[in-house]
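Peer 1: I'd like to ask some things about the structure below.
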Number of protein chains: 4
Amino acid sequence: MARRTTRTSHSEPVILLTGFEPFGGETINPSWEAARALHHAIIAGHRVVAVELPCVFGRAAAVLGKALRRHRPVVTICTGQAGGRPGLAPERVAINVDDARIPDNAGAQPLDRPIARRGPAAYFTTLPNKAIVQAIRAQGIPADLSNTAGTFVCNHVAYALMQWLARSRQRPRPRGGFIHVPFIPEQVAERPETPSLPLDAIVEGLAIACEVAVQTQRDAVASLGREH
Amino acid sequence: MARRTTRTSHSEPVILLTGFEPFGGETINPSWEAARALHHAIIAGHRVVAVELPCVFGRAAAVLGKALRRHRPVVTICTGQAGGRPGLAPERVAINVDDARIPDNAGAQPLDRPIARRGPAAYFTTLPNKAIVQAIRAQGIPADLSNTAGTFVCNHVAYALMQWLARSRQRPRPRGGFIHVPFIPEQVAERPETPSLPLDAIVEGLAIACEVAVQTQRDAVASLGREH
Amino acid sequence: MARRTTRTSHSEPVILLTGFEPFGGETINPSWEAARALHHAIIAGHRVVAVELPCVFGRAAAVLGKALRRHRPVVTICTGQAGGRPGLAPERVAINVDDARIPDNAGAQPLDRPIARRGPAAYFTTLPNKAIVQAIRAQGIPADLSNTAGTFVCNHVAYALMQWLARSRQRPRPRGGFIHVPFIPEQVAERPETPSLPLDAIVEGLAIACEVAVQTQRDAVASLGREH
Amino acid sequence: MARRTTRTSHSEPVILLTGFEPFGGETINPSWEAARALHHAIIAGHRVVAVELPCVFGRAAAVLGKALRRHRPVVTICTGQAGGRPGLAPERVAINVDDARIPDNAGAQPLDRPIARRGPAAYFTTLPNKAIVQAIRAQGIPADLSNTAGTFVCNHVAYALMQWLARSRQRPRPRGGFIHVPFIPEQVAERPETPSLPLDAIVEGLAIACEVAVQTQRDAVASLGREH
């Protein structure tokens, strides 16, 4: 990774990389641990700006919006923890519903509530997701394309991001998407049957995603993911 | 189940129940085995018509469309096999993409291709999915709400169904959705670590789904499913 | 199952079938729910006697010993809950160690302690385990051979049983073993990604196991189970 | 890891580290890839000798026996691939049975055959397994104690090793055990729902195991592993 990341001045175009604060009883969130490790890294001529989002419906989207307006990133990658998944997983789509199985960090638990009342049922993300999966795998790190970001705050943020990007007048059109990351091993000490991935590997995977996102215009043609 | 299903004449309103032919190297598809077991059953005053769909992009939607025109069902439940899932799973949403990890039964393997070029990114299904999950569980059969029907022929059919229903002028507006079913035990004899469910339980679960679908106008308010 | 089980007088040879009380925060234990459903059933000319064991190291073996002395069963099948497994699982072996990841129901949590100080490292069980797996599967119920009963009270009881049988002077030599059963669906409502099996199917599976155990002298020759 | 491993002359006591050749349709075996990466490393004053074992019943034990006689290791760690497990897993016990679900690399598929006709039902391994698990986890790599090495060539080798060590007159008594390792990501590209671990992390985990094995006399007291 060293070759990819050198620290320098702040004139480069920006990659916005967000992670979440811990939730659901965890004391750590690997998405933020990984994002913060890349803060101010220079990847393929772009500067990474890492921002931590609260795990709160509404407020998470607001903090994201503020960062988008401030940094005007050419690429935005929001990340979140997907406990139980075995590798990094770019999300294909965000759907227009908040439906929380557990309360968020402010105690809210919306059920079957649209995110945007007049918004479309879904947005497809605009990162080169398959090229990202292939590049991460090529470095010996598990990754797969995912067809659902769930209906909790992760999907909420992904939908908000794609709605913001769809309305953006910035040119060239900025791109963005969402990547779920697995638990790290310290989170599964009490449930070792659950997959996890060393934090180093997650950081490396996200650095690769940033690099591919700024260097790839057309996504790879490949069959990835699961049938259902 | 006997109390629910008695056989009688053909004047009742119709529940259309589809299953798929086998695919992916399997010699049986539990979705069709279960659907056929309910063919001509009378459930809550409705007659079940079971139709087998080919596991072929395009043609599956065509066969479904023909059945919809012919039977004018008030409720349509398409079902498909989701190998590896531990219970029945009503799908919340169908997305506008065909992206096949394996070839369909006609050898086609579309990659990242829209189902409907000008169609919306997604349709939400219109069955009372949570009430269905709760009613199936109440009979001691595992079930959960799912947020992805994948991007293979199952999602293709679910999208085609919801598009058809969205355009239908039939009143009251017909409803429909998709339910994934697990493997049955004979399919996992060589991979017994994979969950499965006895066929009886799947049939019973689908009968319950039919009953709830025709009797429930507003879905249950409940927190179900996974965070991601 | 009706053909197998008719209720009659108490002169038949006995199959002892044990299940456990709930543990680990559960309010129900499917092993006992299934065993009690077969209490006093007549299977292949044998009468089932069901006994509930406490989930307590030492005491569980004592209660089992008392039942063995009282009923002098020709076949003993102890059962326990193996949450997370997808089917019924006869155990091949019991090992000479108590090593509890959680406290038992009396609060004891032995770590790396031999069950029998001078006992062998392990006992193989003496049921026709593979024939049982095959017969259960033939009825459309998931089953597999298991190579570990863990190191909690289940393994403790299995070891105690096999030690008792090894020392028994009863002739013909009584046989016995251990079968783990999955969660039932009501236990996984909050974690629906976990496999479960309807109670009916578990009861039917254990009835089949009883039948095969008394009718089969030599186990089936078959490749079952996992590599590791 | 660099601090642990420096290359030097050949007068140090030996840690024998074995891995397997590929089997079961794989073209690579992460156990041997990891072991070979540590060949001739110096860990805590001991020299690692890595030996590849054939995945063949009988012959694997013979190659192991030859290496044991030649190198007279103070610690022996045999390793094997356990596809599907999420982390490194020291094995607690090896049982006296060959029971192959698939043929070995010579086409043999023994079923329910004792490894040693008069041997004990099982041997417990003699590495400080729990201390190894804790030390690997402390470096952010997933690990857990396992209660079954299966009944394929891995268990066969583990049993043969422990039998050899039990009979050894070498003093101080040499110690040994078996560690299963997960798939590496390139093996699961077509089944990305299966857990895997980067090869780097496996190598690091085995280096830690070697270090702990030679430095720890009494195993840690800890509750690890699963209930069943």
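Residues are named by chain letter and number: chains run A, B, ... in the order of the structure tokens, numbers start at 1 in each chain, and ligands are numbered from 1 in the order shown.
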Residues of chain B within 10 Å of chain C, counting only C-alpha atoms - could you list those as a PyMOL selection string?

Peer 2: chain B and resi 84-87+133-134+136-145+184-201+223-226

Peer 1: Would you mind listing what lies within 10 Å of Ala34 (chain D) as a PyMOL selection string, with only C-alpha atoms counted and same-chain residues fewer than 6 positions away left out?

Peer 2: chain D and resi 17-19+50+79+181+199-207

Peer 1: Let me see the file: selected residues, all heavy atoms, as a JSON list (two decimals), in the first residue's frame.

Peer 2:
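So the final result, stored in again16.json, reads:
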[["chain", "number", "residue", "atom", "x", "y", "z"],
["D", 17, "LEU", "N", 7.15, -28.17, 10.90],
["D", 17, "LEU", "CA", 5.88, -27.57, 10.47],
["D", 17, "LEU", "C", 5.48, -28.23, 9.16],
["D", 17, "LEU", "O", 6.16, -28.08, 8.15],
["D", 17, "LEU", "CB", 6.08, -26.06, 10.27],
["D", 17, "LEU", "CG", 4.85, -25.21, 9.94],
["D", 17, "LEU", "CD1", 3.84, -25.22, 11.07],
["D", 17, "LEU", "CD2", 5.28, -23.77, 9.64],
["D", 18, "THR", "N", 4.39, -28.98, 9.18],
["D", 18, "THR", "CA", 3.98, -29.64, 7.94],
["D", 18, "THR", "C", 2.73, -28.99, 7.37],
["D", 18, "THR", "O", 1.92, -28.42, 8.09],
["D", 18, "THR", "CB", 3.67, -31.15, 8.15],
["D", 18, "THR", "OG1", 2.43, -31.29, 8.82],
["D", 18, "THR", "CG2", 4.77, -31.84, 8.93],
["D", 19, "GLY", "N", 2.61, -29.08, 6.02],
["D", 19, "GLY", "CA", 1.39, -28.68, 5.32],
["D", 19, "GLY", "C", 1.07, -29.76, 4.32],
["D", 19, "GLY", "O", 1.88, -30.66, 4.07],
["D", 50, "ALA", "N", 10.03, -26.94, 7.27],
["D", 50, "ALA", "CA", 8.71, -27.17, 6.67],
["D", 50, "ALA", "C", 8.75, -28.39, 5.76],
["D", 50, "ALA", "O", 9.69, -28.54, 4.98],
["D", 50, "ALA", "CB", 8.26, -25.94, 5.88],
["D", 79, "THR", "N", -0.31, -28.96, 9.81],
["D", 79, "THR", "CA", -1.40, -28.06, 9.43],
["D", 79, "THR", "C", -2.13, -28.63, 8.22],
["D", 79, "THR", "O", -1.58, -29.42, 7.45],
["D", 79, "THR", "CB", -0.88, -26.65, 9.09],
["D", 79, "THR", "OG1", -0.19, -26.69, 7.83],
["D", 79, "THR", "CG2", 0.05, -26.11, 10.16],
["D", 181, "VAL", "N", -6.27, -24.45, 8.87],
["D", 181, "VAL", "CA", -6.25, -23.07, 8.36],
["D", 181, "VAL", "C", -7.36, -22.91, 7.33],
["D", 181, "VAL", "O", -7.77, -23.86, 6.67],
["D", 181, "VAL", "CB", -4.88, -22.71, 7.73],
["D", 181, "VAL", "CG1", -3.76, -22.93, 8.74],
["D", 181, "VAL", "CG2", -4.62, -23.50, 6.45],
["D", 199, "LEU", "N", -3.35, -14.95, 2.80],
["D", 199, "LEU", "CA", -2.24, -15.86, 3.11],
["D", 199, "LEU", "C", -1.30, -15.24, 4.14],
["D", 199, "LEU", "O", -0.83, -15.92, 5.06],
["D", 199, "LEU", "CB", -1.48, -16.22, 1.83],
["D", 199, "LEU", "CG", -0.33, -17.21, 2.01],
["D", 199, "LEU", "CD1", -0.79, -18.51, 2.64],
["D", 199, "LEU", "CD2", 0.36, -17.47, 0.68],
["D", 200, "ASP", "N", -1.02, -13.95, 4.00],
["D", 200, "ASP", "CA", -0.17, -13.24, 4.98],
["D", 200, "ASP", "C", -0.62, -13.48, 6.40],
["D", 200, "ASP", "O", 0.20, -13.66, 7.31],
["D", 200, "ASP", "CB", -0.28, -11.72, 4.75],
["D", 200, "ASP", "CG", 0.59, -11.25, 3.63],
["D", 200, "ASP", "OD1", 1.28, -12.09, 3.02],
["D", 200, "ASP", "OD2", 0.57, -10.04, 3.34],
["D", 201, "ALA", "N", -1.93, -13.40, 6.60],
["D", 201, "ALA", "CA", -2.46, -13.54, 7.96],
["D", 201, "ALA", "C", -2.30, -14.97, 8.45],
["D", 201, "ALA", "O", -2.04, -15.21, 9.63],
["D", 201, "ALA", "CB", -3.94, -13.13, 7.99],
["D", 202, "ILE", "N", -2.42, -15.94, 7.54],
["D", 202, "ILE", "CA", -2.23, -17.34, 7.94],
["D", 202, "ILE", "C", -0.77, -17.59, 8.32],
["D", 202, "ILE", "O", -0.47, -18.24, 9.32],
["D", 202, "ILE", "CB", -2.69, -18.30, 6.80],
["D", 202, "ILE", "CG1", -4.19, -18.12, 6.55],
["D", 202, "ILE", "CG2", -2.37, -19.74, 7.15],
["D", 202, "ILE", "CD1", -4.73, -18.95, 5.38],
["D", 203, "VAL", "N", 0.14, -17.07, 7.50],
["D", 203, "VAL", "CA", 1.57, -17.23, 7.79],
["D", 203, "VAL", "C", 1.89, -16.61, 9.15],
["D", 203, "VAL", "O", 2.54, -17.23, 10.00],
["D", 203, "VAL", "CB", 2.43, -16.57, 6.68],
["D", 203, "VAL", "CG1", 3.90, -16.57, 7.07],
["D", 203, "VAL", "CG2", 2.21, -17.29, 5.35],
["D", 204, "GLU", "N", 1.41, -15.40, 9.36],
["D", 204, "GLU", "CA", 1.65, -14.72, 10.64],
["D", 204, "GLU", "C", 1.07, -15.54, 11.79],
["D", 204, "GLU", "O", 1.71, -15.71, 12.84],
["D", 204, "GLU", "CB", 1.00, -13.32, 10.59],
["D", 204, "GLU", "CG", 0.93, -12.58, 11.90],
["D", 204, "GLU", "CD", 2.25, -11.95, 12.32],
["D", 204, "GLU", "OE1", 3.25, -12.16, 11.60],
["D", 204, "GLU", "OE2", 2.28, -11.28, 13.36],
["D", 205, "GLY", "N", -0.13, -16.09, 11.59],
["D", 205, "GLY", "CA", -0.76, -16.89, 12.63],
["D", 205, "GLY", "C", 0.06, -18.13, 12.97],
["D", 205, "GLY", "O", 0.23, -18.47, 14.15],
["D", 206, "LEU", "N", 0.59, -18.79, 11.97],
["D", 206, "LEU", "CA", 1.40, -20.00, 12.24],
["D", 206, "LEU", "C", 2.73, -19.62, 12.90],
["D", 206, "LEU", "O", 3.23, -20.37, 13.75],
["D", 206, "LEU", "CB", 1.63, -20.79, 10.95],
["D", 206, "LEU", "CG", 0.39, -21.45, 10.35],
["D", 206, "LEU", "CD1", 0.77, -22.31, 9.14],
["D", 206, "LEU", "CD2", -0.32, -22.33, 11.39],
["D", 207, "ALA", "N", 3.29, -18.49, 12.51],
["D", 207, "ALA", "CA", 4.53, -18.05, 13.17],
["D", 207, "ALA", "C", 4.28, -17.80, 14.66],
["D", 207, "ALA", "O", 5.08, -18.18, 15.52],
["D", 207, "ALA", "CB", 5.06, -16.78, 12.51]]

Peer 1: Looking only at strand (DSSP E or B) from DSSP on the backbone, list the matching residues of region 12-217 of chain B as a PyMOL selection string.

Peer 2: chain B and resi 14-20+42-43+46-53+75-81+88-91+93-95+98+113+122-124+143+146+175-181

Peer 1: Would you list the contacts of Gln81 (chain D) as a PyMOL selection string, taking every protein, DNA or RNA residue within 6 Å and counting only C-alpha atoms, but skipping same-chain residues closer than 4 positions in sequence?

Peer 2: chain D and resi 31+180-182

Peer 1: Save the residues we just selected, N, CA and C atoms, as a CSV table (one decimal), in the first residue's frame?

Peer 2:
chain,number,residue,atom,x,y,z
D,31,SER,N,-2.3,-24.5,3.6
D,31,SER,CA,-1.5,-25.0,4.7
D,31,SER,C,-0.1,-25.2,4.2
D,180,HIS,N,-5.7,-26.3,11.8
D,180,HIS,CA,-6.4,-26.2,10.6
D,180,HIS,C,-6.4,-24.7,10.2
D,181,VAL,N,-6.3,-24.4,8.9
D,181,VAL,CA,-6.2,-23.1,8.4
D,181,VAL,C,-7.4,-22.9,7.3
D,182,PRO,N,-7.9,-21.7,7.2
D,182,PRO,CA,-9.0,-21.4,6.2
D,182,PRO,C,-8.5,-21.4,4.8

Peer 1: May I have the residues within 10 Å of Val51 (chain D) as a PyMOL selection string, using only C-alpha atoms and disregarding those fewer than 6 positions away in the same chain?

Peer 2: chain D and resi 16-20+32+35-36+39+63-64+67+78

Peer 1: One number please: CA of Ala89 (chain B) to CA of Glu26 (chain A), in Å, one decimal.

Peer 2: 27.9 Å

Peer 1: In Å, with one decimal, what is the gap from CA of Ala131 (chain D) to CA of Ala108 (chain C)?

Peer 2: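 If I compute the distance from CA of Ala131 (chain D) to CA of Ala108 (chain C), I get 22.3 Å.
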
Peer 1: One decimal, in Å: what's the spacing between CA of Ala122 (chain B) and CA of Tyr159 (chain B)?

Peer 2: 7.5 Å

Peer 1: Could you give me, as a PyMOL selection string, each residue of region 102-171 of chain D that DSSP assigns to alpha helix (DSSP H) when run on this structure's backbone?

Peer 2: chain D and resi 129-138+153-167

Peer 1: Can you write just those residues out, N, CA, C and O atoms, as an mmCIF file, in the first residue's frame?

Peer 2:
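Full text of again-v1.cif as output:
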data_model
loop_
_atom_site.group_PDB
_atom_site.id
_atom_site.type_symbol
_atom_site.label_atom_id
_atom_site.label_comp_id
_atom_site.auth_asym_id
_atom_site.auth_seq_id
_atom_site.Cartn_x
_atom_site.Cartn_y
_atom_site.Cartn_z
ATOM 1 N N ASN D 129 -2.885 -25.075 23.174
ATOM 2 C CA ASN D 129 -3.816 -24.631 22.130
ATOM 3 C C ASN D 129 -4.517 -23.317 22.458
ATOM 4 O O ASN D 129 -4.707 -22.462 21.592
ATOM 5 N N LYS D 130 -4.919 -23.175 23.700
ATOM 6 C CA LYS D 130 -5.654 -21.953 24.047
ATOM 7 C C LYS D 130 -4.729 -20.736 24.062
ATOM 8 O O LYS D 130 -5.132 -19.639 23.646
ATOM 9 N N ALA D 131 -3.512 -20.935 24.544
ATOM 10 C CA ALA D 131 -2.559 -19.816 24.515
ATOM 11 C C ALA D 131 -2.262 -19.425 23.064
ATOM 12 O O ALA D 131 -2.090 -18.241 22.750
ATOM 13 N N ILE D 132 -2.211 -20.406 22.192
ATOM 14 C CA ILE D 132 -1.987 -20.111 20.772
ATOM 15 C C ILE D 132 -3.153 -19.298 20.212
ATOM 16 O O ILE D 132 -2.958 -18.290 19.531
ATOM 17 N N VAL D 133 -4.365 -19.733 20.498
ATOM 18 C CA VAL D 133 -5.532 -18.996 20.008
ATOM 19 C C VAL D 133 -5.498 -17.551 20.506
ATOM 20 O O VAL D 133 -5.695 -16.593 19.745
ATOM 21 N N GLN D 134 -5.228 -17.377 21.782
ATOM 22 C CA GLN D 134 -5.216 -16.021 22.347
ATOM 23 C C GLN D 134 -4.141 -15.156 21.716
ATOM 24 O O GLN D 134 -4.362 -13.973 21.435
ATOM 25 N N ALA D 135 -2.957 -15.729 21.495
ATOM 26 C CA ALA D 135 -1.859 -14.939 20.934
ATOM 27 C C ALA D 135 -2.134 -14.572 19.474
ATOM 28 O O ALA D 135 -1.798 -13.469 19.026
ATOM 29 N N ILE D 136 -2.752 -15.476 18.732
ATOM 30 C CA ILE D 136 -3.081 -15.164 17.330
ATOM 31 C C ILE D 136 -4.134 -14.061 17.286
ATOM 32 O O ILE D 136 -4.011 -13.088 16.545
ATOM 33 N N ARG D 137 -5.157 -14.198 18.119
ATOM 34 C CA ARG D 137 -6.195 -13.161 18.164
ATOM 35 C C ARG D 137 -5.609 -11.800 18.559
ATOM 36 O O ARG D 137 -6.064 -10.766 18.060
ATOM 37 N N ALA D 138 -4.635 -11.827 19.468
ATOM 38 C CA ALA D 138 -4.061 -10.554 19.941
ATOM 39 C C ALA D 138 -3.382 -9.805 18.799
ATOM 40 O O ALA D 138 -3.169 -8.599 18.884
ATOM 41 N N VAL D 153 -7.637 -37.179 5.925
ATOM 42 C CA VAL D 153 -6.187 -37.326 6.106
ATOM 43 C C VAL D 153 -5.637 -36.396 7.185
ATOM 44 O O VAL D 153 -4.634 -36.710 7.837
ATOM 45 N N CYS D 154 -6.276 -35.274 7.432
ATOM 46 C CA CYS D 154 -5.812 -34.368 8.487
ATOM 47 C C CYS D 154 -5.846 -35.067 9.842
ATOM 48 O O CYS D 154 -4.870 -35.063 10.591
ATOM 49 N N ASN D 155 -6.994 -35.647 10.174
ATOM 50 C CA ASN D 155 -7.116 -36.355 11.452
ATOM 51 C C ASN D 155 -6.172 -37.557 11.493
ATOM 52 O O ASN D 155 -5.566 -37.852 12.528
ATOM 53 N N HIS D 156 -6.045 -38.221 10.362
ATOM 54 C CA HIS D 156 -5.139 -39.373 10.243
ATOM 55 C C HIS D 156 -3.716 -38.981 10.636
ATOM 56 O O HIS D 156 -3.046 -39.669 11.418
ATOM 57 N N VAL D 157 -3.254 -37.870 10.110
ATOM 58 C CA VAL D 157 -1.903 -37.391 10.413
ATOM 59 C C VAL D 157 -1.805 -36.938 11.867
ATOM 60 O O VAL D 157 -0.808 -37.198 12.547
ATOM 61 N N ALA D 158 -2.842 -36.270 12.339
ATOM 62 C CA ALA D 158 -2.817 -35.802 13.728
ATOM 63 C C ALA D 158 -2.742 -37.002 14.685
ATOM 64 O O ALA D 158 -1.989 -36.979 15.669
ATOM 65 N N TYR D 159 -3.519 -38.053 14.377
ATOM 66 C CA TYR D 159 -3.488 -39.245 15.228
ATOM 67 C C TYR D 159 -2.110 -39.908 15.166
ATOM 68 O O TYR D 159 -1.535 -40.290 16.191
ATOM 69 N N ALA D 160 -1.578 -40.043 13.956
ATOM 70 C CA ALA D 160 -0.260 -40.664 13.788
ATOM 71 C C ALA D 160 0.812 -39.870 14.539
ATOM 72 O O ALA D 160 1.699 -40.438 15.185
ATOM 73 N N LEU D 161 0.732 -38.542 14.460
ATOM 74 C CA LEU D 161 1.697 -37.700 15.175
ATOM 75 C C LEU D 161 1.616 -37.937 16.678
ATOM 76 O O LEU D 161 2.638 -38.138 17.348
ATOM 77 N N MET D 162 0.411 -37.927 17.208
ATOM 78 C CA MET D 162 0.273 -38.034 18.660
ATOM 79 C C MET D 162 0.670 -39.431 19.140
ATOM 80 O O MET D 162 1.221 -39.577 20.238
ATOM 81 N N GLN D 163 0.409 -40.438 18.314
ATOM 82 C CA GLN D 163 0.842 -41.790 18.664
ATOM 83 C C GLN D 163 2.375 -41.846 18.710
ATOM 84 O O GLN D 163 2.969 -42.415 19.619
ATOM 85 N N TRP D 164 2.999 -41.245 17.713
ATOM 86 C CA TRP D 164 4.464 -41.210 17.648
ATOM 87 C C TRP D 164 5.021 -40.483 18.869
ATOM 88 O O TRP D 164 5.960 -40.943 19.517
ATOM 89 N N LEU D 165 4.438 -39.350 19.212
ATOM 90 C CA LEU D 165 4.923 -38.570 20.357
ATOM 91 C C LEU D 165 4.705 -39.326 21.661
ATOM 92 O O LEU D 165 5.542 -39.287 22.574
ATOM 93 N N ALA D 166 3.569 -40.040 21.762
ATOM 94 C CA ALA D 166 3.280 -40.785 22.989
ATOM 95 C C ALA D 166 4.317 -41.873 23.220
ATOM 96 O O ALA D 166 4.613 -42.243 24.361
ATOM 97 N N ARG D 167 4.857 -42.390 22.117
ATOM 98 C CA ARG D 167 5.834 -43.481 22.220
ATOM 99 C C ARG D 167 7.279 -42.984 22.256
ATOM 100 O O ARG D 167 8.202 -43.778 22.446
#

Peer 1: For Pro174 (chain D), which of D:Ala82, D:Ala121, D:Leu68, D:Val97 is the closest residue, counting only C-alpha atoms?

Peer 2: D:Leu68
